[in-house]
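What follows is the content of structure-v6.pdb (PDB, C-alpha atoms and all ligand atoms).
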ATOM      1  CA  MET O 146      -0.396  26.110  -4.904  1.00  0.00           C
ATOM      2  CA  ARG O 147      -1.399  24.059  -1.823  1.00  0.00           C
ATOM      3  CA  ARG O 148      -5.058  22.966  -1.766  1.00  0.00           C
ATOM      4  CA  VAL O 149      -7.250  24.450   0.955  1.00  0.00           C
ATOM      5  CA  THR O 150      -9.385  21.293   1.188  1.00  0.00           C
ATOM      6  CA  PRO O 151      -7.411  18.057   0.702  1.00  0.00           C
ATOM      7  CA  PRO O 152      -9.032  15.559  -1.711  1.00  0.00           C
ATOM      8  CA  ARG O 153     -10.924  12.729  -0.030  1.00  0.00           C
ATOM      9  CA  ARG O 154      -9.277  10.165  -2.278  1.00  0.00           C
ATOM     10  CA  LEU O 155      -6.630   7.497  -1.633  1.00  0.00           C
ATOM     11  CA  LEU O 156      -4.413   5.662  -4.077  1.00  0.00           C
ATOM     12  CA  LEU O 157      -4.179   1.911  -3.465  1.00  0.00           C
ATOM     13  CA  VAL O 158      -0.986   0.467  -4.957  1.00  0.00           C
ATOM     14  CA  ASN O 159      -0.325  -3.239  -5.313  1.00  0.00           C
ATOM     15  CA  GLY O 160       3.052  -4.273  -6.656  1.00  0.00           C
ATOM     16  CA  PRO O 161       4.467  -7.236  -8.536  1.00  0.00           C
ATOM     17  CA  ASN O 162       2.720 -10.602  -8.517  1.00  0.00           C
ATOM     18  CA  LEU O 163      -0.176  -9.450  -6.353  1.00  0.00           C
ATOM     19  CA  ASN O 164      -2.403  -9.984  -9.401  1.00  0.00           C
ATOM     20  CA  LEU O 165      -1.889 -13.694  -8.581  1.00  0.00           C
ATOM     21  CA  LEU O 166      -3.722 -13.422  -5.262  1.00  0.00           C
ATOM     22  CA  GLY O 167      -6.303 -16.145  -4.873  1.00  0.00           C
ATOM     23  CA  THR O 168      -4.767 -18.324  -7.580  1.00  0.00           C
ATOM     24  CA  ARG O 169      -1.581 -19.672  -5.912  1.00  0.00           C
ATOM     25  CA  GLU O 170       0.120 -20.002  -2.514  1.00  0.00           C
ATOM     26  CA  PRO O 171      -3.107 -19.825  -0.450  1.00  0.00           C
ATOM     27  CA  GLY O 172      -1.140 -21.035   2.579  1.00  0.00           C
ATOM     28  CA  ILE O 173       0.791 -17.765   2.628  1.00  0.00           C
ATOM     29  CA  TYR O 174      -1.541 -15.253   0.977  1.00  0.00           C
ATOM     30  CA  GLY O 175      -5.030 -16.731   1.512  1.00  0.00           C
ATOM     31  CA  SER O 176      -7.725 -17.322  -1.067  1.00  0.00           C
ATOM     32  CA  ALA O 177      -8.988 -13.773  -1.648  1.00  0.00           C
ATOM     33  CA  THR O 178      -8.311 -12.180  -5.012  1.00  0.00           C
ATOM     34  CA  LEU O 179      -6.890  -8.798  -5.933  1.00  0.00           C
ATOM     35  CA  ALA O 180     -10.445  -7.696  -6.762  1.00  0.00           C
ATOM     36  CA  ASP O 181     -11.455  -8.652  -3.184  1.00  0.00           C
ATOM     37  CA  VAL O 182      -8.561  -6.562  -1.814  1.00  0.00           C
ATOM     38  CA  GLU O 183      -9.546  -3.574  -3.920  1.00  0.00           C
ATOM     39  CA  ARG O 184     -13.216  -3.890  -2.881  1.00  0.00           C
ATOM     40  CA  LEU O 185     -12.341  -4.215   0.812  1.00  0.00           C
ATOM     41  CA  THR O 186     -10.109  -1.142   0.664  1.00  0.00           C
ATOM     42  CA  ALA O 187     -12.730   0.892  -1.212  1.00  0.00           C
ATOM     43  CA  ASP O 188     -15.517  -0.151   1.185  1.00  0.00           C
ATOM     44  CA  THR O 189     -13.374   0.669   4.224  1.00  0.00           C
ATOM     45  CA  ALA O 190     -12.472   4.096   2.856  1.00  0.00           C
ATOM     46  CA  ALA O 191     -16.077   4.793   1.812  1.00  0.00           C
ATOM     47  CA  ALA O 192     -17.213   4.403   5.412  1.00  0.00           C
ATOM     48  CA  TYR O 193     -15.151   7.527   6.146  1.00  0.00           C
ATOM     49  CA  GLY O 194     -16.166   9.407   3.003  1.00  0.00           C
ATOM     50  CA  PHE O 195     -13.008   8.612   1.021  1.00  0.00           C
ATOM     51  CA  GLU O 196     -12.838   7.082  -2.444  1.00  0.00           C
ATOM     52  CA  VAL O 197     -10.049   4.828  -3.698  1.00  0.00           C
ATOM     53  CA  ARG O 198      -8.246   4.619  -7.030  1.00  0.00           C
ATOM     54  CA  ALA O 199      -6.563   1.234  -7.349  1.00  0.00           C
ATOM     55  CA  VAL O 200      -3.534   0.295  -9.409  1.00  0.00           C
ATOM     56  CA  GLN O 201      -1.616  -2.962  -9.658  1.00  0.00           C
ATOM     57  CA  SER O 202       1.449  -3.415 -11.815  1.00  0.00           C
ATOM     58  CA  ASN O 203       4.328  -5.819 -12.266  1.00  0.00           C
ATOM     59  CA  HIS O 204       6.464  -2.951 -13.602  1.00  0.00           C
ATOM     60  CA  GLU O 205       8.404  -0.684 -11.281  1.00  0.00           C
ATOM     61  CA  GLY O 206       8.155   2.364 -13.561  1.00  0.00           C
ATOM     62  CA  ALA O 207       4.364   2.062 -13.818  1.00  0.00           C
ATOM     63  CA  LEU O 208       4.152   2.087 -10.015  1.00  0.00           C
ATOM     64  CA  LEU O 209       6.353   5.202  -9.878  1.00  0.00           C
ATOM     65  CA  ASP O 210       4.142   6.931 -12.481  1.00  0.00           C
ATOM     66  CA  ALA O 211       0.973   6.122 -10.516  1.00  0.00           C
ATOM     67  CA  ILE O 212       2.533   7.499  -7.326  1.00  0.00           C
ATOM     68  CA  HIS O 213       3.611  10.691  -9.110  1.00  0.00           C
ATOM     69  CA  GLU O 214       0.089  11.155 -10.521  1.00  0.00           C
ATOM     70  CA  ALA O 215      -1.422  10.746  -7.056  1.00  0.00           C
ATOM     71  CA  ALA O 216       0.219  13.987  -5.966  1.00  0.00           C
ATOM     72  CA  ALA O 217      -2.363  15.842  -8.084  1.00  0.00           C
ATOM     73  CA  ASP O 218      -5.544  14.382  -6.619  1.00  0.00           C
ATOM     74  CA  CYS O 219      -4.987  12.043  -3.661  1.00  0.00           C
ATOM     75  CA  ALA O 220      -4.561  12.692   0.053  1.00  0.00           C
ATOM     76  CA  GLY O 221      -2.594   9.540   0.825  1.00  0.00           C
ATOM     77  CA  ILE O 222      -1.470   6.134  -0.403  1.00  0.00           C
ATOM     78  CA  VAL O 223      -2.017   2.560   0.792  1.00  0.00           C
ATOM     79  CA  ILE O 224       0.731   0.411  -0.669  1.00  0.00           C
ATOM     80  CA  ASN O 225       1.734  -3.209  -0.765  1.00  0.00           C
ATOM     81  CA  ALA O 226       4.868  -2.921  -2.850  1.00  0.00           C
ATOM     82  CA  GLY O 227       5.378  -6.701  -2.949  1.00  0.00           C
ATOM     83  CA  ALA O 228       8.997  -7.693  -3.476  1.00  0.00           C
ATOM     84  CA  TYR O 229       9.942  -4.105  -4.454  1.00  0.00           C
ATOM     85  CA  THR O 230       9.558  -3.374  -0.740  1.00  0.00           C
ATOM     86  CA  HIS O 231      12.879  -5.107  -0.190  1.00  0.00           C
ATOM     87  CA  THR O 232      14.743  -3.808  -3.239  1.00  0.00           C
ATOM     88  CA  SER O 233      13.548  -0.466  -4.519  1.00  0.00           C
ATOM     89  CA  VAL O 234      15.147   2.820  -3.543  1.00  0.00           C
ATOM     90  CA  ALA O 235      13.284   4.291  -6.549  1.00  0.00           C
ATOM     91  CA  LEU O 236       9.926   3.436  -4.990  1.00  0.00           C
ATOM     92  CA  ARG O 237      10.970   4.958  -1.678  1.00  0.00           C
ATOM     93  CA  ASP O 238      12.129   8.110  -3.486  1.00  0.00           C
ATOM     94  CA  ALA O 239       8.788   8.360  -5.359  1.00  0.00           C
ATOM     95  CA  LEU O 240       6.835   8.092  -2.105  1.00  0.00           C
ATOM     96  CA  THR O 241       8.931  10.647  -0.267  1.00  0.00           C
ATOM     97  CA  GLY O 242       9.083  12.793  -3.409  1.00  0.00           C
ATOM     98  CA  VAL O 243       5.318  13.281  -3.679  1.00  0.00           C
ATOM     99  CA  ASP O 244       5.185  13.953   0.057  1.00  0.00           C
ATOM    100  CA  LEU O 245       1.881  12.115   0.592  1.00  0.00           C
ATOM    101  CA  PRO O 246       1.419  10.168   3.821  1.00  0.00           C
ATOM    102  CA  PHE O 247       1.368   6.471   3.089  1.00  0.00           C
ATOM    103  CA  ALA O 248       0.485   3.194   4.774  1.00  0.00           C
ATOM    104  CA  GLU O 249       2.686   0.171   4.077  1.00  0.00           C
ATOM    105  CA  VAL O 250       0.826  -3.140   4.211  1.00  0.00           C
ATOM    106  CA  HIS O 251       1.923  -6.747   3.827  1.00  0.00           C
ATOM    107  CA  ILE O 252      -0.462  -9.673   3.791  1.00  0.00           C
ATOM    108  CA  SER O 253       2.025 -12.100   5.310  1.00  0.00           C
ATOM    109  CA  ASP O 254       4.160 -11.621   8.406  1.00  0.00           C
ATOM    110  CA  VAL O 255       7.347 -10.709   6.590  1.00  0.00           C
ATOM    111  CA  TYR O 256       9.337 -10.918   9.851  1.00  0.00           C
ATOM    112  CA  ALA O 257       8.432 -14.600  10.228  1.00  0.00           C
ATOM    113  CA  ARG O 258       9.676 -15.404   6.710  1.00  0.00           C
ATOM    114  CA  GLU O 259      13.052 -15.397   4.960  1.00  0.00           C
ATOM    115  CA  GLU O 260      15.588 -12.878   6.241  1.00  0.00           C
ATOM    116  CA  PHE O 261      15.636 -10.971   2.927  1.00  0.00           C
ATOM    117  CA  ARG O 262      11.992  -9.986   3.593  1.00  0.00           C
ATOM    118  CA  HIS O 263      12.827  -8.409   6.967  1.00  0.00           C
ATOM    119  CA  HIS O 264      14.227  -5.216   5.489  1.00  0.00           C
ATOM    120  CA  SER O 265      11.913  -2.667   3.887  1.00  0.00           C
ATOM    121  CA  TYR O 266      12.980   0.510   2.107  1.00  0.00           C
ATOM    122  CA  LEU O 267       9.580   1.968   3.010  1.00  0.00           C
ATOM    123  CA  THR O 268       8.982   1.355   6.709  1.00  0.00           C
ATOM    124  CA  ASP O 269      10.938   4.247   8.194  1.00  0.00           C
ATOM    125  CA  VAL O 270       9.116   6.768   5.974  1.00  0.00           C
ATOM    126  CA  ALA O 271       5.619   5.222   6.250  1.00  0.00           C
ATOM    127  CA  VAL O 272       3.097   6.732   8.690  1.00  0.00           C
ATOM    128  CA  VAL O 273       1.345   3.360   9.104  1.00  0.00           C
ATOM    129  CA  HIS O 274       2.816  -0.140   8.905  1.00  0.00           C
ATOM    130  CA  VAL O 275       0.671  -3.294   8.957  1.00  0.00           C
ATOM    131  CA  VAL O 276       1.968  -6.849   8.506  1.00  0.00           C
ATOM    132  CA  GLY O 277       0.614 -10.351   8.929  1.00  0.00           C
ATOM    133  CA  GLU O 278      -3.126  -9.649   9.099  1.00  0.00           C
ATOM    134  CA  GLY O 279      -3.951 -11.262   5.761  1.00  0.00           C
ATOM    135  CA  ILE O 280      -6.041  -9.100   3.463  1.00  0.00           C
ATOM    136  CA  ASP O 281      -7.773  -7.578   6.506  1.00  0.00           C
ATOM    137  CA  GLY O 282      -4.514  -5.658   6.865  1.00  0.00           C
ATOM    138  CA  TYR O 283      -5.627  -3.449   3.958  1.00  0.00           C
ATOM    139  CA  ALA O 284      -8.697  -2.401   5.964  1.00  0.00           C
ATOM    140  CA  THR O 285      -6.559  -1.764   9.057  1.00  0.00           C
ATOM    141  CA  ALA O 286      -4.046   0.242   7.032  1.00  0.00           C
ATOM    142  CA  THR O 287      -6.807   2.267   5.359  1.00  0.00           C
ATOM    143  CA  ARG O 288      -8.526   3.098   8.662  1.00  0.00           C
ATOM    144  CA  ARG O 289      -5.249   4.085  10.306  1.00  0.00           C
ATOM    145  CA  LEU O 290      -4.146   6.194   7.339  1.00  0.00           C
ATOM    146  CA  ILE O 291      -7.489   8.027   7.298  1.00  0.00           C
ATOM    147  CA  ALA O 292      -7.158   8.608  11.045  1.00  0.00           C
ATOM    148  CA  VAL O 293      -3.806  10.279  10.402  1.00  0.00           C
ATOM    149  CA  LEU O 294      -5.195  12.307   7.488  1.00  0.00           C
ATOM    150  CA  THR O 295      -8.172  13.544   9.483  1.00  0.00           C
ATOM    151  CA  GLY O 296      -6.161  14.294  12.580  1.00  0.00           C
ATOM    152  CA  GLN O 297      -7.715  11.497  14.644  1.00  0.00           C
ATOM    153  CA  ALA O 298      -4.418   9.708  15.275  1.00  0.00           C
ATOM    154  CA  ASP O 299      -0.712   9.866  14.632  1.00  0.00           C
ATOM    155  CA  GLY O 300      -0.533   6.478  12.927  1.00  0.00           C
TER     156      GLY O 300
HETATM  157  O1  LIG O 401       3.139 -10.296   2.379  1.00  0.00           O
HETATM  158  C1  LIG O 401       3.065  -9.494   1.454  1.00  0.00           C
HETATM  159  O2  LIG O 401       2.059  -8.827   1.213  1.00  0.00           O
HETATM  160  C2  LIG O 401       4.262  -9.319   0.502  1.00  0.00           C
HETATM  161  O3  LIG O 401       4.347  -7.933   0.180  1.00  0.00           O
HETATM  162  C3  LIG O 401       3.945 -10.140  -0.730  1.00  0.00           C
HETATM  163  C4  LIG O 401       5.097 -10.164  -1.734  1.00  0.00           C
HETATM  164  C5  LIG O 401       6.404 -10.552  -1.058  1.00  0.00           C
HETATM  165  O4  LIG O 401       7.471 -10.439  -1.989  1.00  0.00           O
HETATM  166  C6  LIG O 401       6.702  -9.671   0.142  1.00  0.00           C
HETATM  167  O5  LIG O 401       7.896 -10.122   0.746  1.00  0.00           O
HETATM  168  C7  LIG O 401       5.561  -9.738   1.142  1.00  0.00           C
HETATM  169  C8  LIG O 401       4.815 -11.181  -2.840  1.00  0.00           C
HETATM  170  C9  LIG O 401       3.528 -10.990  -3.545  1.00  0.00           C
HETATM  171  C10 LIG O 401       3.268 -12.198  -4.378  1.00  0.00           C
HETATM  172  O6  LIG O 401       1.912 -12.492  -4.283  1.00  0.00           O
HETATM  173  C11 LIG O 401       1.494 -13.711  -4.689  1.00  0.00           C
HETATM  174  C12 LIG O 401       0.186 -14.017  -4.449  1.00  0.00           C
HETATM  175  C13 LIG O 401      -0.296 -15.244  -4.791  1.00  0.00           C
HETATM  176  C14 LIG O 401       0.531 -16.178  -5.402  1.00  0.00           C
HETATM  177  C15 LIG O 401       1.849 -15.863  -5.643  1.00  0.00           C
HETATM  178  C16 LIG O 401       2.328 -14.617  -5.296  1.00  0.00           C
END
Any chance you could put this one into structure tokens?
Amino acid sequence: MRRVTPPRRLLLVNGPNLNLLGTREPGIYGSATLADVERLTADTAAAYGFEVRAVQSNHEGALLDAIHEAAADCAGIVINAGAYTHTSVALRDALTGVDLPFAEVHISDVYAREEFRHHSYLTDVAVVHVVGEGIDGYATATRRLIAVLTGQADG
């Protein structure tokens, strides 16, 4: 049965290798850690009365499970799928399968990098798409997703 009042909760998904944030490649990904990303996203959502459940995994199936579970108690998803962005039809199918609006975020400007990063299996089904803003992009993506969820914007 469809809920009358949607939950004011978002799922934040970070994919493979994003647990390394702040430890390597600061020239591309900056010096903030995954904990900083999760805090920024939670603080941004809290300003609008939303809470955030965060998951990071290096395993595709664990990401799919977390997305499936979100269908029960989340209103939307903020996701940086890492390299699975460019490879995973399964991830795309999970996101469209749960039918939750989602924001795709990338820390780096994927379009200014190698050609294999230019294609995303997620972009055409995302309601929000943010690239190249560093970790601030998570705050932008969260604000824009909440605007869509609360009827303040169309993405
Ligand atoms: O720019 C992004 O956010 C990416 O999603 C990051 C992925 C990359 O495969 C995508 O093309 C773009 C890689 C995440 C790896 O993160 C690291 C962080 C610090 C050190 C090493 C890897």
Tell me, in Å to one decimal, how far CA of Ser253 in chain O is from CA of Gly175 in chain O.
9.3 Å
To one decimal place in Å, what is the distance between atom O5 of ligand LIG 401 (chain O) and CA of Asp254 in chain O?
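The value is 8.7 Å.
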From the set O:Ser176, O:Ser202, O:Thr186, O:Asn225, which residue has the shortest atom-to-atom contact distance to ligand LIG 401 (chain O), counting only C-alpha atoms and all ligand atoms?
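Smallest distance to ligand LIG 401 (chain O) is found for O:Asn225.
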Which residue out of O:His263, O:His204, O:Arg184, O:Arg153 has the minimum interatomic distance to Thr230 in chain O when only C-alpha atoms are used?
O:His263
Go through chain O and flag each residue having an atom no more than 7 Å from ligand LIG 401 (chain O); for those, report the closest pair of atoms plus their distance in Å to one decimal, using only C-alpha atoms and all ligand atoms, ordered by chain and rising number, as CSV.
residue,atom,partner,partner_atom,distance
O:Pro161,CA,O:LIG401,C9,6.3
O:Asn162,CA,O:LIG401,C10,4.5
O:Leu163,CA,O:LIG401,O6,4.2
O:Asn164,CA,O:LIG401,C12,6.9
O:Leu165,CA,O:LIG401,C13,4.4
O:Leu166,CA,O:LIG401,C13,3.9
O:Gly167,CA,O:LIG401,C13,6.1
O:Thr168,CA,O:LIG401,C13,6.1
O:Arg169,CA,O:LIG401,C14,4.1
O:Glu170,CA,O:LIG401,C14,4.8
O:Pro171,CA,O:LIG401,C13,6.9
O:Tyr174,CA,O:LIG401,C12,5.8
O:Asn225,CA,O:LIG401,O3,5.5
O:Ala226,CA,O:LIG401,O3,5.9
O:Gly227,CA,O:LIG401,O3,3.5
O:Ala228,CA,O:LIG401,O4,3.5
O:Thr230,CA,O:LIG401,C6,7.0
O:Val250,CA,O:LIG401,O2,6.5
O:His251,CA,O:LIG401,O2,3.3
O:Ile252,CA,O:LIG401,O2,3.7
O:Ser253,CA,O:LIG401,O1,3.6
O:Asp254,CA,O:LIG401,O1,6.3
O:Val255,CA,O:LIG401,C7,5.8
O:Arg262,CA,O:LIG401,O5,5.0
